[in-house]
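Colleague: Input: one structure, supplied below.
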Amino acid sequence: MGRFAYITVGGRNQVLVYRRDPGSPPKQVATIATGDLPHGIWGSDDGRRVYVGLENGDAVQAIDAATNRVVAAIPVGQLPQALVYVPGAVVNGEGTENLKPLGLASEALHLELAPPSGHSSPAHASVSINSLGPIDNLQIAASGLEPGQRYRVVLVGGMKEEDLVAFTAGPGGVAIAQTLGPLKHAVAARQPAESMRLEVRKGDTGGSVVLQQLEIKQHVTK
């Protein structure tokens, strides 16, 4: 990558690009919008591409280093948090001999949560629900919250509301929380009578609705 440094900012879904000149402090030269929760980054050996893992997108995005634009998205397994680019790793053939289908790892539900209509809050969250066999792993990555404030994720729309996980917003108003349970089918139900949705509410009990689920962004079942 030469004289440039690429830094992921997960809470903002961005990659920041800094120019590094000898004898001078780094200078930001670009801000690149990415998918949900970029986490992990690696440059190609020729410096032409920068690869970024999307923890809540179950994918890797490729950035063109000449234009600082995302040029491709590659589906991968669940919740990628790091990656390594190895040039010339395949010496003979196509390199697919020992590869197997992802199976359950390819079954994912990606959601977006935003403030209720009419609210001007900067809060936002992405949710990834991944299959782990009979149960699912739900991970929420939220930003724009009140630092130090307690929040909880609530499943609503059924016969009884259910608190899924509570968390505290950290410095800068960002937070990541996880919980386990049979959640993907409930949230993705297609019949209105069965449909349930996620909300983020302030406080450990009661509290106002800060974020609510929008339309399903991606639902993959193989």
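Each chain in the structure tokens gets a letter, A, B, ..., in the order shown, and its residues are numbered from 1; ligands are numbered from 1 in order too.
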Please provide as a PyMOL selection string all residues within 6 Å of range 50-65 of chain A, with the sequence filter that same-chain residues fewer than 3 positions apart are discarded (counting only C-alpha atoms).
Modeller: chain A and resi 36-43+68-81+128
Colleague: Got a sec: who's within 7 Å of range 4-9 of chain A, counting only C-alpha atoms, leaving out chain neighbours fewer than 5 positions off, as a ChimeraX atom specification?
Modeller: /A:14-20,38-39
Colleague: List as an mmCIF file with C-alpha atoms, in the first residue's frame the protein and nucleic acid residues near range 207-214 of chain A, meaning an atom at most 10 Å away when only C-alpha atoms are counted, but skip any in the same chain fewer than 3 places from it.
Modeller:
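And here is the file that came out, selection.cif:
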data_model
loop_
_atom_site.group_PDB
_atom_site.id
_atom_site.type_symbol
_atom_site.label_atom_id
_atom_site.label_comp_id
_atom_site.auth_asym_id
_atom_site.auth_seq_id
_atom_site.Cartn_x
_atom_site.Cartn_y
_atom_site.Cartn_z
ATOM 1 C CA LEU A 111 -31.228 -6.641 9.503
ATOM 2 C CA GLU A 112 -31.038 -2.876 9.860
ATOM 3 C CA LEU A 113 -32.430 -0.927 12.812
ATOM 4 C CA ALA A 114 -33.169 2.813 12.678
ATOM 5 C CA PRO A 115 -34.878 5.412 14.901
ATOM 6 C CA PRO A 116 -38.702 5.449 14.853
ATOM 7 C CA SER A 117 -40.321 7.653 12.240
ATOM 8 C CA HIS A 119 -37.035 10.953 15.387
ATOM 9 C CA SER A 121 -31.499 10.587 16.512
ATOM 10 C CA ALA A 123 -28.541 6.075 16.347
ATOM 11 C CA HIS A 124 -28.252 3.131 13.963
ATOM 12 C CA ALA A 125 -27.618 -0.600 14.237
ATOM 13 C CA SER A 126 -26.967 -3.616 12.055
ATOM 14 C CA VAL A 127 -27.917 -7.144 13.121
ATOM 15 C CA ALA A 142 -25.006 -0.124 17.302
ATOM 16 C CA LEU A 145 -26.176 5.920 21.299
ATOM 17 C CA TYR A 151 -29.985 -0.488 26.468
ATOM 18 C CA ARG A 152 -31.601 -3.807 25.651
ATOM 19 C CA VAL A 153 -32.677 -5.682 22.515
ATOM 20 C CA VAL A 154 -36.328 -6.750 22.644
ATOM 21 C CA VAL A 187 -37.818 -12.582 12.849
ATOM 22 C CA MET A 196 -42.020 -10.510 15.038
ATOM 23 C CA ARG A 197 -39.411 -7.761 15.005
ATOM 24 C CA LEU A 198 -36.507 -6.383 16.973
ATOM 25 C CA GLU A 199 -36.340 -3.153 18.917
ATOM 26 C CA VAL A 200 -33.666 -1.437 21.005
ATOM 27 C CA ARG A 201 -35.031 0.256 24.120
ATOM 28 C CA LYS A 202 -33.386 2.513 26.676
ATOM 29 C CA GLY A 203 -32.797 1.149 30.170
ATOM 30 C CA ASP A 204 -32.986 -2.310 31.733
ATOM 31 C CA LYS A 217 -31.820 -6.659 4.016
#
Colleague: Rounded to one decimal, what separation in Å do you get between CA of Ile135 in chain A and CA of Thr205 in chain A?
Modeller: 25.7 Å
